Structures are given as structure tokens and as C-alpha cells.
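Undergrad: This one is upload-v2.txt, compact mmCIF, C-alpha atoms.
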# COMPACT_ATOMS: atom_id res chain seq x y z
CA MET S 10 108.50 122.72 89.25
CA GLU S 11 105.72 124.40 87.27
CA LYS S 12 107.07 122.62 84.18
CA ILE S 13 106.71 119.27 85.95
CA HIS S 14 103.08 120.02 86.82
CA LYS S 15 102.34 120.80 83.19
CA ASN S 16 104.33 117.85 81.87
CA PRO S 17 104.63 114.92 84.33
CA ALA S 18 106.21 112.87 81.53
CA LYS S 19 109.48 114.52 82.55
CA LEU S 20 109.38 112.44 85.75
CA ARG S 21 111.13 109.06 85.84
CA LEU S 22 109.75 106.78 88.54
CA ALA S 23 110.35 103.33 90.01
CA PHE S 24 107.84 101.45 92.15
CA LEU S 25 109.29 98.62 94.24
CA GLY S 26 106.80 95.91 95.17
CA GLY S 27 104.17 94.16 93.07
CA GLY S 28 101.36 94.07 95.64
CA SER S 29 97.96 95.62 95.00
CA PHE S 30 98.76 99.18 96.14
CA GLY S 31 102.20 99.43 94.56
CA THR S 32 100.77 98.17 91.27
CA ALA S 33 97.83 100.59 91.38
CA MET S 34 100.11 103.57 92.03
CA ALA S 35 102.55 102.56 89.30
CA ASN S 36 99.62 102.23 86.91
CA LEU S 37 98.40 105.72 87.83
CA ALA S 38 101.82 107.21 87.14
CA ALA S 39 102.13 105.42 83.80
CA ARG S 40 98.67 106.62 82.78
CA ASN S 41 99.78 110.17 83.60
CA GLY S 42 102.63 109.77 81.12
CA CYS S 43 105.48 109.31 83.60
CA ASP S 44 108.37 107.03 82.65
CA THR S 45 107.39 104.31 85.12
CA THR S 46 108.97 100.96 86.02
CA LEU S 47 107.39 98.46 88.42
CA TRP S 48 109.94 96.21 90.11
CA VAL S 49 108.90 92.74 91.29
CA ARG S 50 111.33 90.27 92.84
CA ASN S 51 110.10 87.20 90.96
CA LYS S 52 111.26 86.96 87.34
CA ARG S 53 108.38 84.70 86.33
CA THR S 54 105.85 87.17 87.76
CA VAL S 55 107.47 90.01 85.81
CA LYS S 56 107.17 88.03 82.57
CA SER S 57 103.52 87.25 83.29
CA MET S 58 102.67 90.88 84.06
CA ALA S 59 104.43 92.15 80.94
CA LYS S 60 102.70 89.59 78.73
CA LEU S 61 99.19 89.91 80.18
CA GLN S 62 99.36 93.57 81.31
CA MET S 63 97.79 92.40 84.53
CA ASN S 64 98.72 91.57 88.12
CA LYS S 65 96.93 88.21 88.27
CA LYS S 66 97.68 87.57 91.94
CA TYR S 67 96.68 90.89 93.52
CA LEU S 68 94.53 92.69 90.92
CA PRO S 69 93.06 89.98 88.69
CA GLY S 70 90.87 91.23 85.87
CA TYR S 71 92.26 94.78 85.83
CA LYS S 72 94.23 95.80 82.73
CA LEU S 73 97.38 97.80 83.39
CA ASP S 74 98.50 100.73 81.25
CA GLU S 75 100.47 99.59 78.22
CA ARG S 76 103.18 102.18 78.96
CA LEU S 77 104.02 100.62 82.34
CA LYS S 78 107.39 98.83 82.31
CA TYR S 79 108.38 95.85 84.45
CA SER S 80 111.69 94.62 85.87
CA HIS S 81 113.08 92.06 88.30
CA ASP S 82 116.53 93.71 88.20
CA LEU S 83 116.74 96.17 91.09
CA GLU S 84 119.64 98.21 89.71
CA ASP S 85 118.03 98.48 86.30
CA ALA S 86 114.68 99.51 87.84
CA ILE S 87 116.01 102.49 89.81
CA GLU S 88 118.82 103.64 87.50
CA ASP S 89 118.41 107.30 86.46
CA LYS S 90 115.05 107.60 88.19
CA ASP S 91 113.91 110.77 89.98
CA ILE S 92 111.76 109.12 92.67
CA VAL S 93 111.74 105.57 94.02
CA PHE S 94 108.41 104.56 95.62
CA VAL S 95 108.80 101.66 98.07
CA ALA S 96 105.67 99.51 98.45
CA VAL S 97 106.96 96.34 100.10
CA PRO S 98 105.61 94.92 103.40
CA SER S 99 107.08 96.51 106.54
CA LEU S 100 109.05 93.36 107.40
CA ALA S 101 110.96 93.67 104.10
CA PHE S 102 111.33 97.46 104.08
CA ARG S 103 114.76 97.73 105.72
CA GLU S 104 116.22 94.94 103.60
CA THR S 105 114.91 96.63 100.45
CA LEU S 106 116.57 99.93 101.36
CA LYS S 107 119.86 98.13 102.06
CA ASN S 108 119.61 96.48 98.65
CA ILE S 109 119.01 99.71 96.73
CA ALA S 110 121.56 101.82 98.64
CA PRO S 111 124.52 100.99 96.32
CA PHE S 112 122.52 102.08 93.27
CA LEU S 113 121.22 105.45 94.51
CA THR S 114 122.62 108.51 92.77
CA GLY S 115 120.39 111.27 94.11
CA GLN S 116 116.92 109.72 93.82
CA SER S 117 114.26 110.68 96.35
CA ILE S 118 112.49 107.91 98.30
CA VAL S 119 108.74 107.80 99.00
CA SER S 120 107.31 105.14 101.30
CA LEU S 121 103.94 103.65 100.36
CA THR S 122 104.16 101.12 103.22
CA LYS S 123 101.77 101.43 106.16
CA GLY S 124 103.03 99.77 109.31
CA MET S 125 105.82 99.38 111.84
CA GLU S 126 108.94 97.28 111.76
CA LYS S 127 108.61 94.17 113.89
CA ASP S 128 110.27 94.40 117.33
CA THR S 129 111.73 97.91 116.84
CA PHE S 130 108.68 100.21 116.72
CA ALA S 131 110.35 101.93 113.76
CA LEU S 132 108.08 103.59 111.22
CA MET S 133 109.20 103.50 107.60
CA SER S 134 110.50 107.09 107.81
CA ASP S 135 112.68 106.02 110.76
CA ILE S 136 114.11 103.18 108.69
CA ILE S 137 114.80 105.52 105.77
CA LYS S 138 116.70 107.87 108.09
CA ASP S 139 118.64 104.92 109.53
CA GLU S 140 119.62 103.33 106.24
CA LEU S 141 119.72 106.31 103.86
CA PRO S 142 120.48 109.33 106.07
CA GLU S 143 121.38 111.67 103.18
CA VAL S 144 118.35 110.87 101.01
CA ASN S 145 115.42 113.24 100.43
CA PHE S 146 112.24 111.35 101.38
CA GLY S 147 108.51 111.42 101.96
CA VAL S 148 105.68 109.13 103.02
CA MET S 149 102.27 108.61 101.43
CA SER S 150 99.09 107.50 103.13
CA GLY S 151 95.32 107.77 102.84
CA PRO S 152 92.08 105.88 102.18
CA ASN S 153 93.51 104.03 99.19
CA LEU S 154 91.87 100.66 98.55
CA ALA S 155 93.68 99.52 95.41
CA ILE S 156 90.74 97.88 93.64
CA GLU S 157 88.65 101.07 93.90
CA ILE S 158 91.55 103.08 92.46
CA MET S 159 91.79 100.63 89.54
CA LYS S 160 88.03 101.10 88.98
CA ASN S 161 88.56 104.89 88.71
CA MET S 162 86.41 105.54 91.76
CA PRO S 163 87.25 109.05 93.05
CA SER S 164 89.95 108.72 95.72
CA ALA S 165 92.61 110.83 97.43
CA THR S 166 95.86 110.47 99.34
CA VAL S 167 98.41 112.57 101.26
CA ILE S 168 102.10 113.01 100.51
CA ALA S 169 104.04 114.17 103.57
CA SER S 170 107.58 115.46 103.29
CA ASP S 171 109.81 118.23 104.57
CA SER S 172 110.68 118.87 100.92
CA GLU S 173 108.22 121.06 99.05
CA PRO S 174 109.70 120.12 95.64
CA LEU S 175 109.23 116.42 96.41
CA ARG S 176 105.62 117.02 97.49
CA HIS S 177 104.95 118.85 94.22
CA ALA S 178 106.64 116.14 92.16
CA VAL S 179 104.53 113.37 93.74
CA GLN S 180 101.39 115.42 93.18
CA ALA S 181 102.34 115.88 89.52
CA ALA S 182 103.08 112.18 89.07
CA LEU S 183 99.90 110.77 90.61
CA HIS S 184 97.22 113.46 90.51
CA SER S 185 94.41 112.76 88.03
CA ALA S 186 90.71 113.38 87.43
CA PHE S 187 89.92 110.45 89.74
CA PHE S 188 92.80 110.64 92.20
CA ARG S 189 93.67 113.74 94.23
CA VAL S 190 96.98 114.14 96.04
CA PHE S 191 97.07 116.49 99.04
CA ALA S 192 100.22 117.70 100.80
CA SER S 193 101.42 117.74 104.42
CA ASP S 194 104.64 118.41 106.28
CA ASP S 195 103.65 116.22 109.28
CA ILE S 196 105.51 113.05 108.34
CA ARG S 197 105.00 111.45 111.76
CA GLY S 198 101.27 112.12 111.87
CA VAL S 199 100.55 110.95 108.32
CA GLU S 200 102.58 107.79 108.84
CA LEU S 201 101.04 106.99 112.22
CA GLY S 202 97.55 107.42 110.79
CA GLY S 203 98.31 104.83 108.12
CA ALA S 204 99.77 102.41 110.65
CA LEU S 205 97.39 102.80 113.59
CA LYS S 206 94.11 102.60 111.66
CA ASN S 207 94.88 98.94 110.90
CA ILE S 208 94.38 98.16 114.60
CA TYR S 209 90.81 99.43 114.53
CA ALA S 210 90.05 97.75 111.22
CA ILE S 211 90.76 94.45 112.97
CA ALA S 212 88.49 95.52 115.84
CA MET S 213 85.73 96.46 113.40
CA GLY S 214 86.04 93.17 111.55
CA MET S 215 85.67 91.31 114.84
CA ALA S 216 82.66 93.44 115.77
CA ALA S 217 81.02 92.68 112.41
CA ALA S 218 81.39 88.95 113.12
CA TYR S 219 79.21 89.52 116.19
CA ASP S 220 76.66 91.38 114.03
CA VAL S 221 76.82 94.56 116.10
CA GLY S 222 74.68 97.62 115.34
CA GLU S 223 75.55 100.98 113.85
CA ASN S 224 75.84 102.56 117.31
CA THR S 225 78.61 100.13 118.21
CA LYS S 226 80.44 100.69 114.93
CA ALA S 227 80.27 104.47 115.38
CA MET S 228 81.57 104.16 118.94
CA LEU S 229 84.47 101.96 117.85
CA LEU S 230 85.42 104.29 115.02
CA THR S 231 85.38 107.48 117.10
CA ARG S 232 87.11 105.98 120.14
CA GLY S 233 89.66 104.50 117.76
CA LEU S 234 90.29 107.98 116.36
CA ALA S 235 90.71 109.26 119.93
CA GLU S 236 93.33 106.58 120.59
CA MET S 237 95.16 107.39 117.36
CA SER S 238 95.38 111.11 118.08
CA ARG S 239 96.34 110.53 121.72
CA PHE S 240 99.12 108.16 120.74
CA GLY S 241 100.20 110.46 117.93
CA VAL S 242 100.62 113.48 120.18
CA GLU S 243 102.64 111.46 122.68
CA THR S 244 105.01 110.40 119.90
CA GLY S 245 105.47 113.76 118.20
CA ALA S 246 102.60 114.15 115.70
CA ASN S 247 100.22 117.06 115.18
CA PRO S 248 96.76 115.98 116.47
CA LEU S 249 95.03 117.89 113.66
CA THR S 250 96.62 115.57 111.10
CA PHE S 251 94.33 112.80 112.35
CA LEU S 252 91.31 114.79 111.19
CA GLY S 253 92.54 114.53 107.60
CA LEU S 254 92.68 111.86 104.91
CA SER S 255 95.54 109.92 106.48
CA GLY S 256 93.72 109.84 109.82
CA VAL S 257 89.93 109.71 109.92
CA GLY S 258 89.75 109.21 106.14
CA ASP S 259 91.88 106.07 106.10
CA LEU S 260 90.32 104.90 109.36
CA TYR S 261 86.80 105.10 107.93
CA ALA S 262 87.70 103.37 104.65
CA THR S 263 89.63 100.56 106.30
CA CYS S 264 87.07 99.96 109.03
CA ASN S 265 84.11 99.79 106.68
CA SER S 266 85.31 97.68 103.79
CA GLU S 267 85.64 93.96 103.31
CA LEU S 268 88.38 94.84 100.80
CA SER S 269 90.57 95.68 103.80
CA ARG S 270 92.94 92.84 104.71
CA ASN S 271 92.93 93.89 108.36
CA TYR S 272 89.12 93.97 108.47
CA ARG S 273 89.06 90.45 107.03
CA ILE S 274 91.57 89.21 109.60
CA GLY S 275 89.42 90.67 112.38
CA ASN S 276 86.31 89.08 110.96
CA MET S 277 87.96 85.65 110.89
CA LEU S 278 89.13 86.12 114.49
CA GLY S 279 85.60 87.10 115.50
CA ARG S 280 84.31 83.87 113.99
CA GLY S 281 86.61 81.81 116.18
CA MET S 282 89.66 81.31 113.98
CA ASN S 283 93.06 81.68 115.66
CA ILE S 284 95.52 84.28 114.41
CA ASP S 285 97.87 81.86 112.63
CA ALA S 286 95.03 80.23 110.72
CA ALA S 287 93.52 83.62 109.81
CA VAL S 288 96.82 84.97 108.48
CA LYS S 289 97.38 81.79 106.47
CA LYS S 290 93.89 81.93 104.96
CA LEU S 291 94.29 85.61 104.05
CA GLY S 292 97.48 84.83 102.13
CA GLN S 293 98.61 88.47 102.25
CA THR S 294 100.27 90.75 104.79
CA ALA S 295 97.89 92.31 107.33
CA GLU S 296 100.05 94.99 108.93
CA GLY S 297 97.66 95.50 111.84
CA VAL S 298 98.57 92.19 113.48
CA ASN S 299 102.15 93.32 114.10
CA THR S 300 101.03 96.90 114.85
CA ILE S 301 98.78 95.75 117.71
CA GLN S 302 101.72 94.06 119.42
CA GLN S 303 104.06 97.00 118.85
CA VAL S 304 101.61 99.68 120.01
CA HIS S 305 100.45 97.64 122.99
CA GLU S 306 104.05 97.34 124.23
CA LYS S 307 104.89 101.00 123.52
CA ALA S 308 101.69 102.32 125.13
CA THR S 309 102.15 100.12 128.18
CA LYS S 310 105.73 101.29 128.61
CA GLU S 311 104.91 104.98 128.08
CA GLY S 312 101.62 104.97 130.00
CA ILE S 313 99.49 105.98 126.99
CA TYR S 314 95.80 105.12 127.36
CA MET S 315 94.96 102.67 124.52
CA PRO S 316 92.10 100.44 125.76
CA ILE S 317 90.98 99.08 122.36
CA THR S 318 94.55 98.18 121.43
CA HIS S 319 95.14 96.48 124.78
CA ALA S 320 91.86 94.58 124.40
CA LEU S 321 92.83 93.28 120.96
CA TYR S 322 96.23 92.25 122.28
CA ALA S 323 94.50 90.25 125.02
CA VAL S 324 92.29 88.46 122.49
CA ILE S 325 95.01 87.73 119.91
CA TYR S 326 98.09 87.09 122.03
CA GLU S 327 96.69 86.08 125.43
CA ASP S 328 93.77 83.96 124.17
CA LYS S 329 91.17 85.95 126.11
CA ALA S 330 87.50 85.62 125.13
CA ALA S 331 86.55 88.48 122.80
CA LEU S 332 83.10 89.00 124.33
CA GLY S 333 84.46 89.18 127.86
CA VAL S 334 87.13 91.68 126.84
CA ALA S 335 84.51 93.80 125.06
CA LEU S 336 82.27 93.87 128.14
CA HIS S 337 85.22 94.97 130.27
CA LEU S 338 85.90 97.78 127.81
CA MET S 339 82.35 99.06 128.26
CA GLU S 340 82.69 99.05 132.05
CA ALA S 341 86.18 100.45 132.52
CA GLY S 342 86.87 104.09 133.19
CA PHE S 343 85.30 107.44 132.36
CA ARG S 344 86.72 109.82 129.80
CA SER S 345 85.78 113.13 128.24
CA ASP S 346 84.48 112.79 124.68
CA VAL S 347 86.93 114.69 122.45
CA GLU S 348 90.65 114.52 123.07
CA PHE S 349 92.51 117.75 123.98
CA VAL S 350 89.27 119.70 124.53
CA MET S 351 88.40 118.91 128.15
CA ALA S 352 90.87 117.73 130.76
CA HIS S 353 90.32 114.27 132.21
CA ASP S 354 89.53 114.50 135.92
CA GLN S 355 91.17 111.19 136.75
CA SER S 356 93.48 108.87 134.87
CA ASN S 357 91.87 105.78 133.45
CA ALA S 358 94.56 103.68 135.14
CA SER S 359 93.33 104.92 138.52
CA LEU S 360 89.68 104.30 137.67
CA THR S 361 90.39 100.86 136.30
CA ALA S 362 92.29 99.96 139.47
CA GLN S 363 89.35 101.14 141.59
CA MET S 364 86.86 99.14 139.53
CA GLN S 365 89.09 96.05 139.65
CA ALA S 366 89.33 96.38 143.42
CA ALA S 367 85.55 96.69 143.67
CA SER S 368 85.15 93.63 141.46
CA ASP S 369 87.60 91.64 143.62
CA ASP S 370 85.73 92.68 146.79
CA SER S 371 82.49 91.53 145.23
CA ILE S 372 83.99 88.12 144.43
CA ASP S 373 85.41 87.82 147.96
CA ASN S 374 82.04 88.66 149.49
CA THR S 375 80.32 86.07 147.30
CA ASP S 376 82.81 83.44 148.48
CA ASP S 377 81.93 84.28 152.11
Just give me the structure as C-alpha cells.
TA:
Amino acid sequence: MEKIHKNPAKLRLAFLGGGSFGTAMANLAARNGCDTTLWVRNKRTVKSMAKLQMNKKYLPGYKLDERLKYSHDLEDAIEDKDIVFVAVPSLAFRETLKNIAPFLTGQSIVSLTKGMEKDTFALMSDIIKDELPEVNFGVMSGPNLAIEIMKNMPSATVIASDSEPLRHAVQAALHSAFFRVFASDDIRGVELGGALKNIYAIAMGMAAAYDVGENTKAMLLTRGLAEMSRFGVETGANPLTFLGLSGVGDLYATCNSELSRNYRIGNMLGRGMNIDAAVKKLGQTAEGVNTIQQVHEKATKEGIYMPITHALYAVIYEDKAALGVALHLMEAGFRSDVEFVMAHDQSNASLTAQMQAASDDSIDNTDD
């Protein structure tokens, strides 16, 4: 493994998915001297990228490393590779694994996809274990806006895996003067951080449309982090993971940048556009839209307190007025500030029920 750190060119890598993040990571690996192939489904797109050394659709204007190879042939792309990085949208993740399964001969799999599978609540690691139960795998997540990485702005990410050799190999492949790669063994926590933060990016985009102040943004961000860690613990993650790059780091970056697809979706919703029109205008996958629905249903079923998520669900899927939902959020319940530090005296469900009853009594008395 020390030899790999000193000479990453020994690593042979495939990146599946020609979106902005997959392309940026493949470019990093090629720049580091790794034997790197970027697979894209569309043959015409592959020809264009090879000719122009550019991803015109997702990263226009950014030259890709001349050593980066391109392929539309899945078997050819992953043949004899050491690691296969999967960077396709969550809705295509399972299908992609099924497609590569016949061609695997010992390669490790690393997910670059942040999100949950529609209707199953499966994270990408769950899908890997379902479809490729014998394969060594990891997941990668962090505050990784692709355009900033292409501009060589200092950035960092986290590779989470039970396999120390795989963690070291990914660090060797992607680590550079401008891009640091940290390690974790909390796969669930790192993956949940990458998925859940998209919910709060949508909330922050909506808030920005209402021209809220810095106090409101700070409140949204910190209460969002509380929700993430609370949900994470209930589903098997280490709460401390959410204090790292894949938690608060990714949350901050995604909630404060117009480069974020989820932020832009939220901003369009806040300006009165419906969800279908906003998704169509974006023209790319915003994982947070599906994640809100999945987490809302899971939290409701399991009794996990997720008020911001429930509020967004009401706005997007139940056509509730955003301002009214926000005002209700400010009124409902009392909680201690930091999760897992001070016990909550009463459940929010109980407090909300009491406040709803008081509100109903007030309406009844007004009618009299």
C-alpha cells in the first residue's frame, strides 16, 4: 500500500457517469497519473468529450486532463480495473450495478452518488450489498461542488469503507495539493450526511427566495444539522460523523451556494414555481426532492422528529403555503439546543398536539 501512495499510477480506475462530479473526480485521478477511464452511456457524448477534452453539458469551459480516457462500452471501461467509481443518479444506481455485475473480476466499488433509491429507502451501500454481496466497497461524500474542484479551489472529501486498503487506495488516487481525502469507517453516517443535507439545501433555497436574514439562515442550518444527526442515530450512524466533512461540511457548502442543484430547486419553489416545472427548468437531477419524500415517510413511520423535512413535504407534495408552514415551524414545540446533550422534557409530538388543541379551542371560541 505504501507503494501505491508513492506511485498512484499503479492504480487502474473506471468512473461510471458523465455528470459534473463524476467527471471532476475522473479528471483528478487522471491528473494524479492513474490509468483512468470515464464511462458515459451516449456514444456521441464520448466522441465529443474525447475530441474537445471537455464535458460541454456539465462542465463547459473546463479543460480535462489529456490522459483521461473515455468509453461508452461498459465491459471495456471496467475490464482489469482496480476500483470502479459509480457516479450515476440514485434512480439509475441499481440498474448500473446489475449491468456491470457480469464483468466484475475482483474490482472494488466506490459510490459517489448522494441520495436514496426511490420507494425503497435504500442508500447506495444497501444497493451494493443487495446486488454485489461479495464485492469490497466504499462510499465517498463531502462538500464537493464540481466547478470549484475544476478551478483548483482547495476542497476535501471523505472515503468511508470497512476496508482500510480501499480507503488508502482512494486517498492515493484522488489526493492532491488542492484536494484532500479523509478516511472514515462509518459508512452509514457518511452516506446519510450526503443524502440528508440535500433536504436542507432546498429549505435554504426557499428561504433565500423570501430574502431572509442571516439569523434565519443560521437557525435553518443548525436545526437541519440536528435533524440529520437525530435521524442518523436512529438508523445506525455515529452522531459524531455529522460534525465532519460529510455532515456539517457538506451541509454548509450545499446550503450556501447557488451552484447547488438542490438550492436552486428550493429557490424556484420559493418564487412560486411548482416542483415539476422547477425540476424541468433545472434539467439535472436534484436528489433532495426524492429524499424529502423518503425521509418524511421513514421518520413518520419510525416516530423520528424531523420538522423541517415534514414542512418541506407539506409544501412540495401537499401544496401547502410555504409561509404558513414556516410560521407553524416557529410556533411548534420546545427542544433543547444540542442533540444528545440534554434530555428533552417532553416529546415534540405531545407539545404539538397540545398547541393544536389550543389553536382549535381558540377557533371554536371565535366562532361562538
Undergrad: For a cut-off of 9 Å around (102.7, 102.6, 108.8), file coordinates, pick out all residues using all atoms listed in the file and list them as an MDAnalysis selection string.
TA: chainID S and resid 99 121:126 132:133 150 199:205 207 296 300
Undergrad: Next, the residues of the selection above should be written as a JSON list (two decimals), in the frame of the given file with C-alpha atoms.
TA:
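Saved the output as out-v2.json:
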[["chain", "number", "residue", "atom", "x", "y", "z"],
["S", 99, "SER", "CA", 107.08, 96.51, 106.54],
["S", 121, "LEU", "CA", 103.94, 103.65, 100.36],
["S", 122, "THR", "CA", 104.16, 101.12, 103.22],
["S", 123, "LYS", "CA", 101.77, 101.43, 106.16],
["S", 124, "GLY", "CA", 103.03, 99.77, 109.31],
["S", 125, "MET", "CA", 105.82, 99.38, 111.84],
["S", 126, "GLU", "CA", 108.94, 97.28, 111.76],
["S", 132, "LEU", "CA", 108.08, 103.59, 111.22],
["S", 133, "MET", "CA", 109.20, 103.50, 107.60],
["S", 150, "SER", "CA", 99.09, 107.50, 103.13],
["S", 199, "VAL", "CA", 100.55, 110.95, 108.32],
["S", 200, "GLU", "CA", 102.58, 107.79, 108.84],
["S", 201, "LEU", "CA", 101.04, 106.99, 112.22],
["S", 202, "GLY", "CA", 97.55, 107.42, 110.79],
["S", 203, "GLY", "CA", 98.31, 104.83, 108.12],
["S", 204, "ALA", "CA", 99.77, 102.41, 110.65],
["S", 205, "LEU", "CA", 97.39, 102.80, 113.59],
["S", 207, "ASN", "CA", 94.88, 98.94, 110.90],
["S", 296, "GLU", "CA", 100.05, 94.99, 108.93],
["S", 300, "THR", "CA", 101.03, 96.90, 114.85]]
Undergrad: If we count only C-alpha atoms and set the cut-off at 8 Å, which residues sit around Ala23 of chain S, ignoring sequence neighbours fewer than 4 positions away in its own chain? Please answer as a PyMOL selection string.
TA: chain S and resi 35+45-48+86-87+90+92-94
Undergrad: Do a neighbour search on Arg189 of chain S at 12 Å with only C-alpha atoms, toss out local chain neighbours closer than 2 positions, and write the hits as JSON, numbers by chain.
TA: {"S": [37, 151, 152, 153, 158, 161, 162, 163, 164, 165, 166, 167, 168, 179, 180, 181, 182, 183, 184, 185, 186, 187, 191, 192, 254]}
Undergrad: Choose the residue, out of S:Met237, S:Leu20, S:Ala216, S:Ile325, that has the smallest atom-to-atom separation from Ala39 of chain S; count all atoms listed in the file.
TA: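 Of the candidates, the smallest distance to Ala39 of chain S is held by S:Leu20.
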Undergrad: For Val97 of chain S, list every protein, DNA or RNA residue within 7 Å, evaluated using all atoms listed in the file, and leave out those in the same chain fewer than 4 positions away; present the list as a list in words.
TA: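 In the requested form, the answer reads Leu25, Gly26, Ala101, Phe102 and Thr122 of chain S.
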Undergrad: Okay, now the selection with C-alpha atoms, as a JSON list (two decimals), in the frame of the given file?
TA:
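Just written: out-v1.json:
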[["chain", "number", "residue", "atom", "x", "y", "z"],
["S", 25, "LEU", "CA", 109.29, 98.62, 94.24],
["S", 26, "GLY", "CA", 106.80, 95.91, 95.17],
["S", 101, "ALA", "CA", 110.96, 93.67, 104.10],
["S", 102, "PHE", "CA", 111.33, 97.46, 104.08],
["S", 122, "THR", "CA", 104.16, 101.12, 103.22]]
Undergrad: Expressed in Å to a single decimal, how great is the separation between atom CA of Ile211 of chain S and atom CA of Thr263 of chain S?
TA: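 Interatomic distance here is 9.1 Å.
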Undergrad: So which one's closest to Leu268 of chain S, S:Gly312, S:Pro248, S:Gly214, S:Gly233? Using only C-alpha atoms, please.
TA: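 The shortest atom-to-atom distance to Leu268 of chain S comes from S:Gly214.
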Undergrad: Using only C-alpha atoms, can you tell me which of S:Arg21, S:Arg103, S:Glu306, S:Thr129 comes closest to Glu88 of chain S?
TA: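 Of all the options, S:Arg21 lies closest to Glu88 of chain S.
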Undergrad: Looking at S:Asn41, S:Asn108, S:Asn276, S:Ser57, which one is nearest to Gly27 of chain S, with distances taken over all atoms listed in the file?
TA: S:Ser57
Undergrad: Using all atoms listed in the file, which residues sit within 12 Å of Lys226 of chain S once same-chain residues fewer than 5 positions away are excluded, as a PDB file with C-alpha atoms, in the frame of the given file?
TA:
ATOM      1  CA  TYR S 209      90.810  99.430 114.530  1.00  0.00           C
ATOM      2  CA  ALA S 210      90.050  97.750 111.220  1.00  0.00           C
ATOM      3  CA  ALA S 212      88.490  95.520 115.840  1.00  0.00           C
ATOM      4  CA  MET S 213      85.730  96.460 113.400  1.00  0.00           C
ATOM      5  CA  GLY S 214      86.040  93.170 111.550  1.00  0.00           C
ATOM      6  CA  MET S 215      85.670  91.310 114.840  1.00  0.00           C
ATOM      7  CA  ALA S 216      82.660  93.440 115.770  1.00  0.00           C
ATOM      8  CA  ALA S 217      81.020  92.680 112.410  1.00  0.00           C
ATOM      9  CA  ALA S 218      81.390  88.950 113.120  1.00  0.00           C
ATOM     10  CA  TYR S 219      79.210  89.520 116.190  1.00  0.00           C
ATOM     11  CA  ASP S 220      76.660  91.380 114.030  1.00  0.00           C
ATOM     12  CA  VAL S 221      76.820  94.560 116.100  1.00  0.00           C
ATOM     13  CA  THR S 231      85.380 107.480 117.100  1.00  0.00           C
ATOM     14  CA  ARG S 232      87.110 105.980 120.140  1.00  0.00           C
ATOM     15  CA  GLY S 233      89.660 104.500 117.760  1.00  0.00           C
ATOM     16  CA  TYR S 261      86.800 105.100 107.930  1.00  0.00           C
ATOM     17  CA  CYS S 264      87.070  99.960 109.030  1.00  0.00           C
ATOM     18  CA  ASN S 265      84.110  99.790 106.680  1.00  0.00           C
TER      19      ASN S 265
END
Undergrad: Let me make sure I understand: among S:Ile284, S:Val347, S:Leu234, S:Leu260, which one has the smallest atom-to-atom distance to Met315 of chain S if we use all atoms listed in the file?
TA: S:Leu234
Undergrad: To one decimal place, how far is atom CA of Asp91 of chain S from atom CA of Gln116 of chain S in Å?
TA: 5.0 Å
Undergrad: When you count all atoms listed in the file, which of these residues is closest to Gly281 of chain S: S:Val119, S:Leu332, S:Ala323, S:Val242?
TA: S:Leu332
Undergrad: Could you give me, as JSON, numbers by chain, the residues within 8 Å of Thr294 of chain S, counting all atoms listed in the file and dropping anything in the same chain fewer than 6 positions from it?
TA: {"S": [98, 270, 288]}
